[in-house]
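Below is one structure; the comments refer to it alone.
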Amino acid sequence: MPDLLGKDTIVALSTPEGKSALGVIRLSGQNAWTIVNKILRKQANFTHRSVEIVQLVDESGEPLDQAVLIPWEGPSSYTGENMIELSCHGNPLLLHAIEQRLIASGARMAEPGEFTKRAFLNGKLSLDQAEAVALTIEAKTLQTVRSAQKLLHGEMRNTISSLQELVKERLAIAELGLDFIEEDYEIDSPAHSIEVLADIQQRINQLLQQDRLGSVLRNGVQVLIAGPPNVGKSTLLNRIVGYNRAITSDTPGTTRDFLDVTIDLKGLPVTFIDTAGIRDTQDPVEREGTQRAQALFERADIVVWMFSKTEFLPLDTINLNHDSILYAQNKCDLGLCEAEDDNAPWINSAFPIVAINGDGVQQLVEEIRNRIVQGNDLSEIILLEQRHADLLKEASDSIERSIELFETSNDLLLIATELQTAYNCLGSITGSVTSDDILSHIFTSFCIGK
């Protein structure tokens, strides 16, 4: 059973696997400095935050590598314990050999996320800040990094802590009221309690409103490009991503399967998916591609339906049901479809484009982004984990029920129970109220070495 209080000294490679100029090996624990000294030709000084060039040796005393050693004395370190970072040459074989030397000298291999877990347990980070570390590492765009940094720098922790204190005050008043219930003495009026709780709930719901866009920043958005064959779907994809990712041809049915490309769309991680043209065909491969394209409709966040005067497929001939669909009329230089002729009023709302030269494509892409953002300012978003959103929703629901109880029965026992639930939910976000199971679930999703 791994020790979580720092008695064990843990070690792991903190840079990605594979060949590189440098690889950084981390140790943390009370014996970190003693263990590293065992693999040095000459003992290091270990002055806090100093930089020293050291010679690492193998078990027979032969040179293993020359490294840069940086010691960190606890509690002034990332984990709050004695730490060492060794910057070595980035050959995977060499790095593995150094790790094995350190393990043989008394360290053990770190579990996923154990360095950050120790930082949390030693009070260096709140739980939401610890989760922000993983969000920062996994971020798909620079804007996502910035939003994760807001979480890491404690912006949500401060807000949650203040809300938790307000709930605690209401809970204390409700419990105090229970003590005087037989004396029929009212500690606070139900009307005032409702007013305070409604304000708390509103502030919680404001955080929840960020979750939709936060989910976009975490997980990205899928935009499906669909339409009949030879309408220019692959050409549009190439134009959007800025290079020839998809094969294009005048021959209908060139795209047999779907392909996707993820880009940074002004801070949003957006995956554009090019699909096979939809039509009735006897070709079994092309028919499979058409079926896959239709199956992707359900998974896509936005569908761009392309058509042109020369390649047109009435929507009532296919099962195209989607909540967010944009229409793009391509090859407008060759002529335009007219809604009254085709009995398709949606044609009038289509974006006129010429994918082959880019005319109108930027306006289409801007509308895609507008639909995703929905008027929100990305710079104001604090990146929430799904766990945070679930707990905020549960806290909001508990406060809602306590308000209803004040309005109906004024049952202080039930009210106190609901407020205790809200308090615990908020505390579970920052880690002031938590359990070993929650911690294990969170930190096992981290990479080893972080």
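Lettering and numbering for the structure tokens are positional, with chains as A, B, ... in the shown order, residues counted from 1 in each chain, and ligands counted from 1 in the shown order.
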
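Residues in contact range of Ile368 (chain A), defined as at most 10 Å between only C-alpha atoms, with sequence neighbours fewer than 6 positions away removed, read Val223, Leu265, Val270, Ile302, Val303, Val304, Ser324, Ile325, Leu326 and Gln362 of chain A.
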
Could you list, with a cut-off of 8 Å and counting only C-alpha atoms, the residues of region 344-421 of chain A near region 172-175 of chain A, each shown with its nearest atom pair and the distance in Å rounded to one decimal, rows sorted by chain and ascending number, as a tab-separated table?
residue	atom	partner	partner_atom	distance
A:Leu412	CA	A:Ala174	CA	5.8
A:Leu413	CA	A:Glu175	CA	7.6
A:Ile415	CA	A:Ala174	CA	7.2
A:Ala416	CA	A:Ala174	CA	5.8

I'd like the contact shell of Glu380 (chain A) - 10 Å cut-off, only C-alpha atoms, skipping same-chain residues fewer than 5 positions apart - returned as a short mmCIF file (atom, residue, chain, number, x, y, z; two decimals) with N, CA, C and O atoms, in the first residue's frame.
data_model
loop_
_atom_site.label_atom_id
_atom_site.label_comp_id
_atom_site.auth_asym_id
_atom_site.auth_seq_id
_atom_site.Cartn_x
_atom_site.Cartn_y
_atom_site.Cartn_z
N ARG A 146 -5.58 29.12 -20.74
CA ARG A 146 -5.86 30.32 -19.93
C ARG A 146 -7.02 30.11 -18.98
O ARG A 146 -7.00 30.56 -17.83
N SER A 147 -8.06 29.43 -19.47
CA SER A 147 -9.22 29.16 -18.61
C SER A 147 -8.86 28.20 -17.48
O SER A 147 -9.33 28.34 -16.36
N LYS A 150 -7.05 30.03 -14.69
CA LYS A 150 -7.93 30.73 -13.76
C LYS A 150 -8.30 29.80 -12.60
O LYS A 150 -8.33 30.21 -11.44
N GLN A 210 -21.36 28.61 -16.94
CA GLN A 210 -20.10 28.51 -17.66
C GLN A 210 -19.79 27.08 -18.09
O GLN A 210 -18.87 26.85 -18.89
#

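With only C-alpha atoms taken into account, the protein and nucleic acid residues at most 8 Å from Lys19 (chain A) (excluding it and anything under 3 positions from it in its own chain) are Gly90, Asn91 and Pro92 of chain A.
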
Write to file, as a PDB file, in the first residue's frame, the residues of the selection just made, with N, CA and C atoms.
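And here's result.pdb as it stands now:
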ATOM      1  N   GLY A  90      17.956  13.079 -22.988  1.00  0.00           N
ATOM      2  CA  GLY A  90      16.634  12.487 -23.204  1.00  0.00           C
ATOM      3  C   GLY A  90      16.596  11.183 -23.963  1.00  0.00           C
ATOM      4  N   ASN A  91      17.575  10.300 -23.762  1.00  0.00           N
ATOM      5  CA  ASN A  91      17.517   8.961 -24.344  1.00  0.00           C
ATOM      6  C   ASN A  91      16.654   8.080 -23.437  1.00  0.00           C
ATOM      7  N   PRO A  92      15.593   7.475 -23.966  1.00  0.00           N
ATOM      8  CA  PRO A  92      14.696   6.678 -23.114  1.00  0.00           C
ATOM      9  C   PRO A  92      15.404   5.557 -22.362  1.00  0.00           C
TER      10      PRO A  92
END

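Each of A:Cys332, A:Ala300, A:His153, A:Ser193 was checked against Leu224 (chain A) using only C-alpha atoms; the smallest atom-to-atom distance is that of A:Ala300.
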
>> Using DSSP secondary structure from the backbone, list all helix (DSSP H, G or I) positions within region 103-162 of chain A, as a ChimeraX atom specification.
In response: /A:103-104,114-121,127-138,142-152,155-162

>> Would you pick out the contacts of Thr136 (chain A) at 9 Å or less, using only C-alpha atoms, so that residues sharing its chain but fewer than 4 positions from it are not included, and give the list as a PyMOL selection string?
In response: chain A and resi 131-132+140+144-149+152

Give me a file of those residues, with N, CA and C atoms, as an mmCIF file, in the first residue's frame.
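Resulting contents of result_30.cif:
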data_model
loop_
_atom_site.group_PDB
_atom_site.id
_atom_site.type_symbol
_atom_site.label_atom_id
_atom_site.label_comp_id
_atom_site.auth_asym_id
_atom_site.auth_seq_id
_atom_site.Cartn_x
_atom_site.Cartn_y
_atom_site.Cartn_z
ATOM 1 N N GLU A 131 -6.878 19.604 -9.876
ATOM 2 C CA GLU A 131 -7.509 19.171 -11.125
ATOM 3 C C GLU A 131 -7.157 20.108 -12.273
ATOM 4 N N ALA A 132 -6.940 21.386 -11.959
ATOM 5 C CA ALA A 132 -6.560 22.350 -12.991
ATOM 6 C C ALA A 132 -5.207 22.016 -13.596
ATOM 7 N N LYS A 140 -6.421 21.756 -25.328
ATOM 8 C CA LYS A 140 -6.267 21.648 -26.777
ATOM 9 C C LYS A 140 -5.989 22.987 -27.453
ATOM 10 N N THR A 144 -7.956 27.463 -23.820
ATOM 11 C CA THR A 144 -8.275 26.455 -22.821
ATOM 12 C C THR A 144 -7.253 26.490 -21.695
ATOM 13 N N VAL A 145 -5.985 26.678 -22.063
ATOM 14 C CA VAL A 145 -4.932 26.804 -21.050
ATOM 15 C C VAL A 145 -5.224 27.994 -20.139
ATOM 16 N N ARG A 146 -5.580 29.118 -20.735
ATOM 17 C CA ARG A 146 -5.857 30.323 -19.934
ATOM 18 C C ARG A 146 -7.024 30.106 -18.983
ATOM 19 N N SER A 147 -8.060 29.426 -19.468
ATOM 20 C CA SER A 147 -9.218 29.157 -18.610
ATOM 21 C C SER A 147 -8.856 28.200 -17.485
ATOM 22 N N ALA A 148 -8.008 27.210 -17.790
ATOM 23 C CA ALA A 148 -7.551 26.292 -16.747
ATOM 24 C C ALA A 148 -6.684 27.018 -15.724
ATOM 25 N N GLN A 149 -5.910 28.004 -16.193
ATOM 26 C CA GLN A 149 -5.055 28.762 -15.286
ATOM 27 C C GLN A 149 -5.876 29.569 -14.279
ATOM 28 N N LEU A 152 -6.480 27.164 -11.698
ATOM 29 C CA LEU A 152 -5.241 26.876 -10.982
ATOM 30 C C LEU A 152 -4.867 28.002 -10.029
#

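If only C-alpha atoms are the atoms counted, then among A:Asp188, A:Ile204, A:Ser60, A:Ala134 the closest residue to Asp390 (chain A) is A:Ile204.
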
>> Give me the residues near Leu236 (chain A) as number ranges by chain, where near means some atom within 8 Å (using only C-alpha atoms) and where sequence neighbours in that chain fewer than 6 positions away do not count.
In response: A: 355-356, 361

Fewer than 5 positions away in the same chain doesn't count, so skip those; otherwise give me all residues within 6 Å of region 25-28 of chain A, counting only C-alpha atoms, as a CSV table (one decimal) with C-alpha atoms, in the first residue's frame.
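The resulting part.csv:
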chain,number,residue,atom,x,y,z
A,9,THR,CA,10.2,8.7,-1.7
A,10,ILE,CA,8.6,8.5,-5.1
A,11,VAL,CA,10.3,8.9,-8.5
A,12,ALA,CA,9.0,9.3,-12.1
A,13,LEU,CA,9.9,10.7,-15.4
A,14,SER,CA,8.0,14.1,-15.7
A,82,ASN,CA,11.9,17.6,-0.2
A,83,MET,CA,12.1,17.3,-3.9
A,84,ILE,CA,14.7,16.9,-6.6
A,85,GLU,CA,14.6,17.5,-10.3
A,86,LEU,CA,17.2,15.9,-12.5

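Taking CA of Glu418 (chain A) and CA of Ile399 (chain A) as the two end points, the separation is 6.6 Å.
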
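Atom pair CA of Thr408 (chain A) / CA of Glu165 (chain A): separated by 25.3 Å.
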
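Proximity ranking of A:Leu414, A:Leu268, A:Leu405, A:Ile35 relative to Ile194 (chain A) places A:Leu405 first, based on only C-alpha atoms.
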
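Closest approach to Asn230 (chain A) among A:Asn348, A:Ser308, A:Asn410, A:Gln209: A:Ser308, based on only C-alpha atoms.
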